[in-house]
$ cat upload.txt   # compact mmCIF, C-alpha atoms
# COMPACT_ATOMS: atom_id res chain seq x y z
CA MET A 1 71.18 -17.35 40.43
CA LYS A 2 68.88 -15.53 38.07
CA GLN A 3 70.75 -13.38 35.57
CA SER A 4 68.93 -10.17 34.67
CA SER A 5 68.65 -9.53 30.93
CA TYR A 6 69.56 -6.26 29.27
CA PHE A 7 65.98 -5.55 28.21
CA SER A 8 63.18 -6.37 30.63
CA LEU A 9 60.30 -8.54 29.49
CA TYR A 10 58.11 -5.45 29.23
CA GLU A 11 60.69 -3.70 27.04
CA ILE A 12 61.13 -6.74 24.80
CA ALA A 13 57.38 -6.97 24.32
CA LEU A 14 57.17 -3.25 23.59
CA LEU A 15 60.06 -3.27 21.12
CA SER A 16 58.75 -6.39 19.36
CA LEU A 17 55.34 -4.77 18.97
CA PHE A 18 56.92 -1.65 17.51
CA GLY A 19 59.00 -3.83 15.17
CA ALA A 20 55.84 -5.57 14.03
CA LEU A 21 54.16 -2.19 13.62
CA VAL A 22 56.92 -1.04 11.25
CA PHE A 23 56.29 -4.12 9.13
CA VAL A 24 52.50 -3.73 9.21
CA VAL A 25 52.68 -0.03 8.35
CA ARG A 26 55.08 -0.77 5.50
CA MET A 27 52.85 -3.48 4.07
CA ALA A 28 49.43 -1.96 4.70
CA ILE A 29 49.90 1.68 3.75
CA LYS A 30 51.03 2.53 0.25
CA ILE A 31 51.44 6.19 -0.62
CA PRO A 32 51.15 6.44 -4.42
CA LEU A 33 53.56 9.36 -4.74
CA HIS A 34 56.33 7.51 -6.65
CA ILE A 35 58.86 9.73 -4.88
CA PRO A 36 61.92 7.96 -3.48
CA GLY A 37 61.83 7.63 0.30
CA ASN A 38 58.21 8.72 0.75
CA SER A 39 57.45 5.68 2.89
CA GLY A 40 60.04 6.93 5.39
CA VAL A 41 57.49 9.36 6.76
CA LEU A 42 55.61 6.36 8.16
CA TRP A 43 58.16 3.77 9.07
CA VAL A 44 60.49 5.93 11.17
CA LEU A 45 57.55 6.66 13.51
CA PRO A 46 57.43 3.33 15.40
CA VAL A 47 61.24 3.09 15.55
CA ILE A 48 61.67 6.54 17.08
CA ILE A 49 58.72 6.21 19.46
CA GLY A 50 59.89 2.75 20.61
CA THR A 51 63.43 4.01 21.16
CA ALA A 52 62.13 7.05 23.05
CA LEU A 53 59.99 4.91 25.35
CA VAL A 54 62.65 2.32 26.21
CA ARG A 55 65.59 4.79 26.27
CA LYS A 56 68.33 2.14 26.15
CA PRO A 57 71.13 1.70 23.61
CA GLY A 58 70.09 -1.07 21.20
CA ALA A 59 66.35 -0.39 21.37
CA GLY A 60 66.23 0.98 17.80
CA THR A 61 68.41 -1.84 16.56
CA TYR A 62 66.08 -4.38 18.17
CA ILE A 63 63.05 -2.82 16.45
CA GLY A 64 64.99 -2.76 13.15
CA ILE A 65 65.94 -6.42 13.40
CA VAL A 66 62.38 -7.53 14.28
CA SER A 67 60.85 -5.56 11.40
CA GLY A 68 63.66 -6.66 9.07
CA LEU A 69 63.10 -10.32 9.89
CA LEU A 70 59.36 -9.96 9.30
CA ALA A 71 59.92 -8.11 6.03
CA SER A 72 62.53 -10.62 4.88
CA PHE A 73 60.39 -13.68 5.33
CA PHE A 74 56.83 -12.42 5.02
CA GLY A 75 57.18 -9.19 3.07
CA LEU A 76 56.29 -8.37 -0.48
CA GLU A 77 59.20 -6.10 -1.26
CA ALA A 78 61.62 -6.78 -4.05
CA LEU A 79 64.71 -7.46 -1.97
CA HIS A 80 63.15 -10.11 0.28
CA VAL A 81 65.83 -11.60 2.58
CA PHE A 82 68.12 -8.63 1.93
CA ASP A 83 65.49 -6.32 3.45
CA ILE A 84 66.86 -7.13 6.89
CA PHE A 85 69.94 -5.01 6.16
CA LYS A 86 68.07 -1.81 5.45
CA TYR A 87 65.61 -2.20 8.35
CA THR A 88 68.47 -2.94 10.76
CA ALA A 89 70.55 -0.05 9.43
CA LEU A 90 67.63 2.30 10.03
CA GLY A 91 67.29 1.07 13.61
CA VAL A 92 71.02 1.30 14.33
CA THR A 93 71.15 4.86 12.99
CA ILE A 94 68.21 6.00 15.10
CA ASP A 95 69.87 4.35 18.10
CA LEU A 96 73.12 6.25 17.52
CA VAL A 97 71.35 9.59 17.01
CA SER A 98 69.27 9.01 20.16
CA MET A 99 72.39 8.29 22.20
CA ALA A 100 74.16 11.34 20.80
CA PHE A 101 71.27 13.55 21.93
CA GLY A 102 70.72 11.93 25.32
CA TYR A 103 67.36 10.43 24.24
CA ARG A 104 65.71 13.84 23.88
CA LEU A 105 63.50 12.38 21.16
CA ASP A 106 60.58 14.54 22.25
CA HIS A 107 62.39 17.53 20.71
CA PRO A 108 61.30 18.09 17.06
CA ALA A 109 64.86 18.97 15.96
CA VAL A 110 66.21 15.70 17.34
CA GLY A 111 63.26 13.86 15.81
CA PHE A 112 64.06 15.45 12.45
CA VAL A 113 67.73 14.46 12.63
CA ALA A 114 66.92 10.91 13.77
CA GLY A 115 64.25 10.36 11.10
CA ALA A 116 66.25 11.95 8.28
CA ALA A 117 69.47 10.12 9.18
CA GLY A 118 67.65 6.79 9.53
CA ASN A 119 65.87 7.16 6.21
CA MET A 120 69.04 8.23 4.40
CA VAL A 121 71.09 5.36 5.78
CA LYS A 122 68.29 3.03 4.70
CA MET A 123 68.61 4.52 1.19
CA VAL A 124 72.38 3.97 1.13
CA VAL A 125 71.98 0.34 2.23
CA ASN A 126 69.25 -0.14 -0.37
CA TYR A 127 71.58 1.13 -3.12
CA ALA A 128 74.42 -1.04 -1.83
CA VAL A 129 72.24 -4.17 -1.89
CA HIS A 130 71.04 -3.42 -5.43
CA LEU A 131 74.62 -2.96 -6.60
CA PHE A 132 75.58 -6.19 -4.84
CA LEU A 133 72.75 -7.99 -6.65
CA GLY A 134 74.11 -6.84 -10.00
CA VAL A 135 71.73 -4.04 -10.98
CA GLN A 136 73.63 -1.68 -13.27
CA GLY A 137 75.22 1.05 -11.17
CA THR A 138 74.65 3.74 -13.79
CA PHE A 139 70.90 3.41 -13.59
CA ILE A 140 70.86 3.41 -9.80
CA LEU A 141 73.36 6.14 -9.06
CA ILE A 142 72.04 8.68 -11.55
CA GLY A 143 69.40 10.47 -9.52
CA ILE A 144 70.93 9.70 -6.12
CA GLY A 145 71.20 13.46 -5.43
CA VAL A 146 67.46 14.13 -5.68
CA SER A 147 66.76 10.83 -3.98
CA SER A 148 68.87 11.75 -0.94
CA VAL A 149 66.99 15.05 -0.59
CA THR A 150 63.59 13.35 -0.72
CA HIS A 151 64.75 10.72 1.79
CA LEU A 152 65.93 13.50 4.10
CA VAL A 153 62.65 15.42 3.79
CA PHE A 154 60.32 12.46 4.30
CA GLY A 155 62.43 10.87 7.05
CA GLY A 156 62.72 14.24 8.77
CA LEU A 157 58.96 14.81 8.57
CA GLY A 158 58.35 11.39 10.09
CA GLY A 159 60.88 12.17 12.81
CA ILE A 160 59.17 15.46 13.68
CA LEU A 161 55.79 13.69 13.86
CA ALA A 162 57.32 11.03 16.12
CA ALA A 163 58.85 13.70 18.37
CA LEU A 164 55.49 15.45 18.71
CA ILE A 165 53.80 12.15 19.62
CA VAL A 166 56.53 11.31 22.15
CA GLY A 167 56.26 14.80 23.65
CA ARG A 168 52.50 14.44 24.03
CA LEU A 169 52.92 11.02 25.66
CA TYR A 170 55.41 12.49 28.13
CA ARG A 171 53.25 15.50 28.93
CA ALA A 172 50.09 13.44 29.25
CA GLY A 173 51.87 11.23 31.77
CA VAL A 174 51.17 8.07 29.79
CA VAL A 175 54.89 7.32 29.95
CA HIS A 176 57.58 9.08 31.93
CA GLN A 177 61.04 9.88 30.69
CA GLY A 178 63.35 7.20 32.01
CA ASP A 179 60.52 5.59 33.90
CA VAL A 180 59.48 2.61 31.85
CA PRO A 181 58.22 -0.01 34.30
CA ASP A 182 60.22 -3.20 34.79
CA GLU A 183 58.78 -6.70 34.59
CA SER A 184 59.10 -7.13 38.37
CA MET B 1 78.80 20.20 23.73
CA GLU B 2 75.55 22.04 24.28
CA PHE B 3 72.36 20.73 22.78
CA GLY B 4 71.91 23.42 20.10
CA ARG B 5 75.41 22.92 18.72
CA ARG B 6 74.91 19.19 18.52
CA VAL B 7 71.73 19.72 16.47
CA ILE B 8 73.55 22.12 14.13
CA LEU B 9 76.43 19.66 13.77
CA ALA B 10 74.04 16.80 12.97
CA VAL B 11 72.19 18.87 10.35
CA GLY B 12 75.59 19.82 8.91
CA VAL B 13 76.52 16.14 8.57
CA LEU B 14 73.23 15.46 6.75
CA VAL B 15 73.90 18.37 4.38
CA VAL B 16 77.40 17.00 3.67
CA VAL B 17 75.88 13.57 2.86
CA ILE B 18 73.49 15.23 0.42
CA ALA B 19 76.34 17.18 -1.16
CA VAL B 20 78.31 13.94 -1.61
CA SER B 21 75.22 12.33 -3.17
CA PHE B 22 74.95 15.15 -5.71
CA LEU B 23 78.68 14.85 -6.41
CA ILE B 24 78.35 11.10 -7.11
CA ASP B 25 75.27 11.80 -9.23
CA THR B 26 77.15 14.37 -11.32
CA VAL B 27 80.26 12.21 -11.76
CA VAL B 28 78.26 9.14 -12.85
CA TRP B 29 76.08 11.22 -15.17
CA GLU B 30 79.10 12.83 -16.86
CA ALA B 31 80.81 9.45 -17.24
CA TYR B 32 77.64 8.08 -18.78
CA LEU B 33 77.36 10.98 -21.23
CA GLN B 34 81.02 10.60 -22.24
CA ASN B 35 80.61 6.90 -22.90
CA SER B 36 77.38 7.47 -24.80
CA ALA B 37 79.04 10.06 -27.01
CA SER B 38 82.08 7.98 -27.92
CA SER B 39 80.29 4.75 -28.83
CA ASP B 40 77.34 2.69 -27.71
CA PRO B 41 78.65 0.98 -24.57
CA LEU B 42 75.26 -0.40 -23.62
CA LEU B 43 74.76 -2.29 -26.86
CA HIS B 44 74.31 -5.99 -26.21
CA THR B 45 74.43 -8.58 -28.98
CA ALA B 46 73.29 -12.18 -29.03
CA THR B 47 72.82 -14.89 -31.62
CA VAL B 48 70.32 -17.74 -31.63
CA ASP B 49 70.85 -20.74 -33.88
CA TYR B 50 68.74 -23.82 -34.54
CA GLN B 51 70.33 -25.68 -31.61
CA ASP B 52 69.23 -23.06 -29.12
CA PHE B 53 65.58 -24.17 -29.23
CA ARG B 54 65.85 -26.31 -26.12
CA HIS B 55 62.20 -26.48 -25.08
CA GLY B 56 59.24 -27.93 -26.93
CA PRO B 57 57.32 -28.94 -28.88
CA GLN B 58 54.50 -27.38 -26.86
CA SER B 59 51.49 -25.17 -27.44
CA TRP B 60 51.99 -22.82 -24.49
CA ARG B 61 54.56 -20.58 -22.87
CA PRO B 62 55.49 -20.19 -19.19
CA TYR B 63 53.22 -18.36 -16.77
CA ALA B 64 51.17 -19.28 -13.68
CA THR B 65 48.72 -20.75 -16.16
CA PRO B 66 49.75 -21.74 -19.69
CA LEU B 67 49.67 -18.83 -22.13
CA ALA B 68 49.25 -19.03 -25.89
CA ILE B 69 52.34 -18.43 -28.01
CA GLY B 70 50.73 -17.64 -31.33
CA PRO B 71 48.19 -14.87 -31.91
CA GLY B 72 45.00 -15.46 -29.92
CA ASN B 73 44.03 -16.50 -26.45
CA LEU B 74 44.16 -20.29 -26.60
CA PRO B 75 47.36 -22.33 -26.70
CA SER B 76 47.70 -24.17 -29.99
CA GLY B 77 50.36 -25.50 -32.37
CA ASN B 78 53.73 -27.09 -31.73
CA TRP B 79 56.28 -24.46 -30.85
CA TYR B 80 59.96 -24.68 -30.00
CA LEU B 81 61.23 -22.17 -27.45
CA ALA B 82 64.57 -20.40 -26.94
CA PHE B 83 65.41 -17.81 -24.28
CA VAL B 84 67.98 -15.05 -24.66
CA GLU B 85 69.15 -12.51 -22.09
CA LEU B 86 68.91 -8.99 -23.52
CA GLY B 87 71.63 -7.43 -21.36
CA ALA B 88 69.63 -4.26 -20.65
CA VAL B 89 66.51 -3.57 -18.61
CA PRO B 90 63.66 -1.10 -19.05
CA VAL B 91 63.15 1.41 -16.23
CA GLY B 92 59.71 2.59 -15.14
CA GLY B 93 58.62 4.90 -12.34
CA ASN B 94 58.20 8.62 -12.05
CA PRO B 95 59.88 10.25 -15.08
CA ALA B 96 60.37 13.49 -13.14
CA LEU B 97 62.64 11.77 -10.65
CA SER B 98 64.45 9.02 -12.49
CA ARG B 99 65.69 8.23 -15.97
CA THR B 100 62.96 6.06 -17.38
CA GLY B 101 63.49 4.20 -20.59
CA SER B 102 62.90 1.14 -22.75
CA VAL B 103 65.00 -1.55 -24.35
CA GLN B 104 65.26 -1.37 -28.11
CA VAL B 105 65.69 -4.76 -29.77
CA ASP B 106 66.93 -5.02 -33.37
CA TYR B 107 66.54 -8.44 -34.93
CA ARG B 108 67.67 -10.07 -38.17
CA PHE B 109 66.56 -13.57 -39.19
CA THR B 110 68.35 -15.79 -41.66
CA ASP B 111 66.46 -18.81 -43.06
CA LEU B 112 63.38 -18.55 -40.87
CA ALA B 113 60.87 -21.36 -41.42
CA GLY B 114 57.28 -20.69 -40.39
CA THR B 115 56.34 -18.10 -37.78
CA ALA B 116 58.52 -16.75 -35.00
CA SER B 117 56.92 -15.25 -31.92
CA PHE B 118 58.74 -12.82 -29.61
CA CYS B 119 57.69 -12.58 -25.95
CA VAL B 120 59.49 -10.97 -23.02
CA TYR B 121 60.22 -12.18 -19.51
CA GLY B 122 61.63 -10.04 -16.73
CA LEU B 123 63.00 -11.03 -13.34
CA ARG B 124 62.58 -8.77 -10.35
CA ALA B 125 65.82 -7.66 -8.73
CA GLY B 126 66.28 -9.68 -5.58
CA ASP B 127 63.91 -12.58 -6.10
CA GLY B 128 62.73 -15.05 -8.70
CA ARG B 129 59.36 -13.47 -9.39
CA ALA B 130 58.85 -12.85 -13.06
CA TRP B 131 56.82 -10.71 -15.42
CA THR B 132 55.79 -11.43 -18.98
CA ASN B 133 53.78 -9.61 -21.62
CA ARG B 134 50.01 -9.99 -21.62
CA GLN B 135 48.59 -12.47 -24.12
CA SER B 136 44.89 -11.66 -23.87
CA GLY B 137 42.61 -8.84 -22.76
CA TYR B 138 43.44 -5.15 -22.42
CA GLY B 139 47.14 -4.57 -22.96
CA THR B 140 47.75 -7.62 -25.16
CA CYS B 141 51.02 -7.28 -27.02
CA GLY B 142 53.41 -9.40 -29.03
CA TYR B 143 55.53 -9.49 -32.14
CA TYR B 144 55.33 -12.13 -34.89
CA VAL B 145 57.58 -12.62 -37.89
CA SER B 146 56.83 -14.99 -40.78
CA GLY B 147 59.52 -16.66 -42.90
CA THR B 148 59.50 -18.81 -46.01
CA ALA B 149 62.52 -21.13 -45.57
CA ALA B 150 62.01 -24.91 -45.70
CA PRO B 151 61.68 -26.50 -42.24
CA GLY B 152 64.53 -28.58 -40.83
CA ASP B 153 64.52 -31.79 -38.80
CA PRO B 154 62.78 -31.79 -35.41
CA PRO B 155 65.41 -30.94 -32.73
CA ARG B 156 66.23 -34.14 -30.81
CA TRP B 157 67.67 -32.08 -27.93
CA ALA B 158 64.44 -30.23 -27.18
CA SER B 159 62.02 -31.32 -24.46
CA PRO B 160 58.75 -29.70 -23.33
CA LEU B 161 58.62 -27.68 -20.12
CA GLN B 162 56.55 -28.99 -17.23
CA GLU B 163 53.42 -26.99 -16.42
CA GLY B 164 53.48 -25.19 -13.07
CA ASP B 165 54.26 -21.80 -11.61
CA ARG B 166 58.04 -22.20 -11.57
CA TYR B 167 60.09 -22.85 -14.69
CA VAL B 168 63.78 -23.55 -15.17
CA VAL B 169 64.66 -22.48 -18.68
CA GLU B 170 67.91 -22.79 -20.59
CA ILE B 171 69.45 -19.57 -21.78
CA ALA B 172 70.98 -19.33 -25.23
CA ASP B 173 74.53 -18.18 -24.67
CA PRO B 174 77.08 -17.27 -27.31
CA LEU B 175 79.78 -18.71 -25.03
CA ARG B 176 77.96 -21.98 -24.44
CA PRO B 177 80.02 -25.14 -24.12
CA VAL B 178 80.56 -27.07 -27.34
CA ASP B 179 80.15 -30.31 -25.43
CA ASP B 180 76.44 -31.03 -25.05
CA ASP B 181 77.07 -33.01 -21.85
CA LEU B 182 78.08 -29.87 -20.02
CA PRO B 183 75.22 -28.05 -18.31
CA ARG B 184 73.84 -24.92 -19.93
CA ASP B 185 73.11 -21.64 -18.28
CA THR B 186 69.61 -21.69 -16.72
CA ARG B 187 67.26 -19.21 -15.08
CA THR B 188 64.21 -19.79 -12.94
CA PHE B 189 61.00 -17.90 -13.65
CA TRP B 190 58.48 -17.93 -10.82
CA PHE B 191 54.94 -16.64 -11.18
CA GLU B 192 53.30 -16.02 -7.85
CA ARG B 193 49.68 -16.36 -8.90
CA VAL B 194 47.37 -16.11 -11.89
CA GLY B 195 46.76 -12.48 -12.79
CA SER B 196 50.01 -11.24 -11.28
CA GLY B 197 53.04 -10.32 -13.38
CA LEU B 198 51.20 -9.65 -16.63
CA ASP B 199 50.94 -5.88 -16.75
CA GLY B 200 54.51 -4.72 -16.16
CA LEU B 201 56.34 -5.59 -19.36
CA HIS B 202 55.12 -4.77 -22.84
CA ILE B 203 56.26 -5.16 -26.45
CA THR B 204 55.65 -2.21 -28.72
CA THR B 205 56.84 -0.83 -32.03
CA ASP B 206 56.43 2.74 -30.75
CA PRO B 207 57.93 3.58 -27.34
CA ALA B 208 55.34 6.36 -26.94
CA ASP B 209 52.66 3.65 -26.97
CA ARG B 210 53.96 2.11 -23.75
CA ARG B 211 51.25 -0.52 -23.32
CA GLY B 212 52.17 -2.02 -26.66
CA ARG B 213 50.15 -3.93 -29.21
CA VAL B 214 50.33 -7.00 -31.39
CA ALA B 215 52.47 -6.63 -34.53
CA GLU B 216 52.77 -9.16 -37.37
CA THR B 217 55.27 -8.77 -40.19
CA ASP B 218 57.04 -10.59 -43.03
CA ASP B 219 60.18 -8.49 -42.66
CA LEU B 220 63.04 -10.66 -41.51
CA GLU B 221 64.82 -7.59 -40.19
CA GLY B 222 63.33 -4.96 -37.91
CA SER B 223 63.06 -3.66 -34.40
CA PHE B 224 60.70 -3.30 -31.47
CA TYR B 225 60.83 -1.98 -27.93
CA VAL B 226 60.35 -3.57 -24.54
CA THR B 227 58.72 -1.10 -22.13
CA TYR B 228 58.04 -1.32 -18.42
CA SER B 229 55.14 0.39 -16.68
CA GLY B 230 55.71 -0.88 -13.12
CA GLY B 231 57.48 0.72 -10.20
CA ASN B 232 59.81 -2.11 -9.14
CA VAL B 233 63.33 -2.73 -10.37
CA VAL B 234 63.69 -5.16 -13.29
CA GLY B 235 66.86 -7.10 -12.54
CA SER B 236 67.22 -8.90 -15.85
CA LEU B 237 65.29 -9.15 -19.08
CA PHE B 238 64.90 -12.12 -21.39
CA LEU B 239 63.48 -12.52 -24.85
CA MET B 240 61.62 -15.72 -25.62
CA VAL B 241 61.80 -16.69 -29.27
CA ALA B 242 59.34 -19.38 -30.27
CA VAL B 243 59.08 -20.96 -33.72
CA ASP B 244 56.23 -23.15 -34.96
CA GLN B 245 58.46 -25.21 -37.30
CA PRO B 246 61.76 -27.02 -36.75
CA GLN B 247 64.40 -24.68 -38.08
CA PRO B 248 66.95 -25.58 -40.78
CA GLU B 249 70.68 -25.69 -40.01
CA GLY B 250 71.19 -22.33 -41.71
CA PHE B 251 68.79 -20.61 -39.32
CA GLU B 252 70.19 -17.69 -37.40
CA LEU B 253 68.65 -14.90 -35.36
CA ARG B 254 70.91 -11.95 -34.67
CA LEU B 255 69.80 -9.66 -31.84
CA GLU B 256 71.07 -6.27 -30.77
CA SER B 257 69.58 -4.67 -27.66
CA ARG B 258 70.24 -1.35 -25.95
CA PHE B 259 68.69 0.90 -23.33
CA VAL B 260 67.00 3.94 -24.83
CA GLU B 261 65.97 6.80 -22.58
CA ASP B 262 62.45 8.20 -22.70
CA HIS B 263 62.16 11.70 -24.06
CA ARG B 264 59.01 12.99 -22.45
$ encode --input "upload.txt" --output "structure tokens"
Amino acid sequence: MKQSSYFSLYEIALLSLFGALVFVVRMAIKIPLHIPGNSGVLWVLPVIIGTALVRKPGAGTYIGIVSGLLASFFGLEALHVFDIFKYTALGVTIDLVSMAFGYRLDHPAVGFVAGAAGNMVKMVVNYAVHLFLGVQGTFILIGIGVSSVTHLVFGGLGGILAALIVGRLYRAGVVHQGDVPDES
Amino acid sequence: MEFGRRVILAVGVLVVVIAVSFLIDTVVWEAYLQNSASSDPLLHTATVDYQDFRHGPQSWRPYATPLAIGPGNLPSGNWYLAFVELGAVPVGGNPALSRTGSVQVDYRFTDLAGTASFCVYGLRAGDGRAWTNRQSGYGTCGYYVSGTAAPGDPPRWASPLQEGDRYVVEIADPLRPVDDDLPRDTRTFWFERVGSGLDGLHITTDPADRRGRVAETDDLEGSFYVTYSGGNVVGSLFLMVAVDQPQPEGFELRLESRFVEDHR
């Protein structure tokens, strides 16, 4: 007897592509602002849009794991294999926020909360990994206040952008809320 | 719970997280200021003796392609190399948003024979990729000290490094085992490609001149700064001390290093 999987083949393909998009965006686009968390404006976009399209618990986590694996083994960031923790944490957070708001990710306020929360959790995991690796806590933790505000602002902006895109996709009829086609 | 209240609650949670972040920031900052006022808790000391020159004789120093050790572009001479961890790291980035600073290194030689060359190596936090100071072209920097002591016997324990892009170097450690059969502390420096890893770390005598320059002196006691102009996190910082003569038994290099904040 054929056992149906949690995600359909279509959803897995979609989520994997969004995971890859997070990685590509992260590697290809560098914003020379030197402000902590500025990249969050870009990399929460695919996670939120992917979660909004699939509308199943675990969709954000799946995107986070795929992008984290890519970043860990093919990325150019300083943390290398430890990158998987922050990408996954971002995905899990966006998943939880989406569930809490009934997947109304086309609403800018929900987009803001999802993006800001995801980016801030990513920051916390980043700090934790650096501390774990032995970087002196004094130098990391001084400035965490300003850093958390910038992570909130950039993540929130990315979330609002994602919500606007999702809303346009819904209204244009490209995808329907809760109507992602199955593989059958 | 209605939708609007949930949004307000979520924003409230985010605000609480930010408030906690500022609280942590303030507590750590005050603790740091207290410690700085009472003594110098970030001061790190190290001593190099004639037995700590574990690598050489060789004309070059580690990088993706061999770099000269003495002044000039081309590797020449027979140098013996020792590596010391400095215990502090320079911090680059946007000075408006983080505490940027350099590492001040105070040195004092006893019985130095020939010329000593100081170079720096930094390891990125999280991987083995390394930086070093530039030896040629724009941004060349280094620090050379000349001594007049009589040379000692060539160190029988030293052996040249193998050329490549990955180097395992022995670290001079004040707590090293007395027994030479026991393994010493080592670190791996990996240089990804030629041209990469040369423009992050610099040696300078003036921290305002962050790109550094080449300094030569006869003073056996002095200081210089290690600056960082990159945006990544330097996980650990090492000083390479190279000498072009075997050192006598009375040789000693005393190092004191500390983080000094930029005042810009």
$ residues_around --input "upload.txt" --residues "Leu237 in chain B" --least-positions-apart "6" --cutoff "8 Å" --atoms "only C-alpha atoms" --output "PyMOL selection string"
chain B and resi 85-89+120-123
$ write_last_selection --input "upload.txt" --atoms "C-alpha atoms" --output "compact mmCIF listing (two decimals), keeping the file's coordinate frame"
# COMPACT_ATOMS: atom_id res chain seq x y z
CA GLU B 85 69.15 -12.51 -22.09
CA LEU B 86 68.91 -8.99 -23.52
CA GLY B 87 71.63 -7.43 -21.36
CA ALA B 88 69.63 -4.26 -20.65
CA VAL B 89 66.51 -3.57 -18.61
CA VAL B 120 59.49 -10.97 -23.02
CA TYR B 121 60.22 -12.18 -19.51
CA GLY B 122 61.63 -10.04 -16.73
CA LEU B 123 63.00 -11.03 -13.34
$ closest_residue --input "upload.txt" --among "A:Pro57, A:Gly68, A:Gly155, A:Gly102" --to "Ala114 in chain A" --atoms "all atoms listed in the file"
A:Gly155
$ interface_residues --input "upload.txt" --of "chain A" --to "chain B" --cutoff "7 Å" --atoms "all atoms listed in the file" --output "MDAnalysis selection string"
chainID A and resid 34 78:80 109:110 113 117 133 135 138 141:145 148:149
$ closest_residue --input "upload.txt" --among "B:Ala158, B:Ala46, B:Val105, B:Leu9" --to "Pro246 in chain B" --atoms "all atoms listed in the file"
B:Ala158
$ closest_residue --input "upload.txt" --among "A:Leu164, A:Val97, A:Val175, A:Ile84" --to "Asn126 in chain A" --atoms "all atoms listed in the file"
A:Ile84
$ atom_distance --input "upload.txt" --atom1 "CA of Val92 in chain A" --atom2 "CA of Thr61 in chain A"
4.7 Å
$ atom_distance --input "upload.txt" --atom1 "CA of Phe101 in chain A" --atom2 "CA of Tyr170 in chain A"
17.1 Å
$ closest_residue --input "upload.txt" --among "A:Gly134, A:Pro46, A:Gly111, A:Gly156" --to "Gly91 in chain A" --atoms "all atoms listed in the file"
A:Pro46
$ atom_distance --input "upload.txt" --atom1 "CA of Tyr6 in chain A" --atom2 "CA of Val81 in chain A"
27.5 Å
$ closest_residue --input "upload.txt" --among "A:Phe132, A:Met120, A:Ala71, A:Thr93" --to "Val153 in chain A" --atoms "all atoms listed in the file"
A:Met120
$ closest_residue --input "upload.txt" --among "B:Gln245, B:Ser146, B:Thr204, B:Ser136" --to "Tyr50 in chain B" --atoms "all atoms listed in the file"
B:Gln245
$ residues_around --input "upload.txt" --residues "range 250-259 of chain B" --least-positions-apart "6" --cutoff "8 Å" --atoms "all atoms listed in the file" --output "JSON, numbers by chain"
{"B": [42, 43, 44, 45, 46, 47, 48, 49, 50, 86, 87, 88, 89, 90, 101, 102, 103, 104, 105, 106, 107, 108, 109, 110, 111, 112]}
$ axis_aligned_box --input "upload.txt" --around "range 53-64 of chain A" --padding-each-side "8 Å" --output "AutoDock Vina command-line options"
--center_x 65.6 --center_y 0.3 --center_z 19.7 --size_x 27.1 --size_y 25.3 --size_z 29.1
$ residues_around --input "upload.txt" --residues "Gly56 in chain B" --least-positions-apart "3" --cutoff "12 Å" --atoms "only C-alpha atoms" --output "VMD selection string"
chain B and resid 52 to 53 59 to 62 69 77 to 82 154 to 162 169 to 170 241 to 246
$ write_last_selection --input "upload.txt" --atoms "C-alpha atoms" --output "CSV table (one decimal), in the coordinates of the input"
chain,number,residue,atom,x,y,z
B,52,ASP,CA,69.2,-23.1,-29.1
B,53,PHE,CA,65.6,-24.2,-29.2
B,59,SER,CA,51.5,-25.2,-27.4
B,60,TRP,CA,52.0,-22.8,-24.5
B,61,ARG,CA,54.6,-20.6,-22.9
B,62,PRO,CA,55.5,-20.2,-19.2
B,69,ILE,CA,52.3,-18.4,-28.0
B,77,GLY,CA,50.4,-25.5,-32.4
B,78,ASN,CA,53.7,-27.1,-31.7
B,79,TRP,CA,56.3,-24.5,-30.8
B,80,TYR,CA,60.0,-24.7,-30.0
B,81,LEU,CA,61.2,-22.2,-27.4
B,82,ALA,CA,64.6,-20.4,-26.9
B,154,PRO,CA,62.8,-31.8,-35.4
B,155,PRO,CA,65.4,-30.9,-32.7
B,156,ARG,CA,66.2,-34.1,-30.8
B,157,TRP,CA,67.7,-32.1,-27.9
B,158,ALA,CA,64.4,-30.2,-27.2
B,159,SER,CA,62.0,-31.3,-24.5
B,160,PRO,CA,58.8,-29.7,-23.3
B,161,LEU,CA,58.6,-27.7,-20.1
B,162,GLN,CA,56.6,-29.0,-17.2
B,169,VAL,CA,64.7,-22.5,-18.7
B,170,GLU,CA,67.9,-22.8,-20.6
B,241,VAL,CA,61.8,-16.7,-29.3
B,242,ALA,CA,59.3,-19.4,-30.3
B,243,VAL,CA,59.1,-21.0,-33.7
B,244,ASP,CA,56.2,-23.2,-35.0
B,245,GLN,CA,58.5,-25.2,-37.3
B,246,PRO,CA,61.8,-27.0,-36.8
$ residues_around --input "upload.txt" --residues "Pro71 in chain B" --least-positions-apart "3" --cutoff "12 Å" --atoms "all atoms listed in the file" --output "PyMOL selection string"
chain B and resi 59-60+67-68+74-77+115-119+134-136+140-145+213-216+244
$ residues_around --input "upload.txt" --residues "Tyr167 in chain B" --least-positions-apart "6" --cutoff "7 Å" --atoms "all atoms listed in the file" --output "list in words"
Pro62, Thr188, Phe189 and Trp190 of chain B
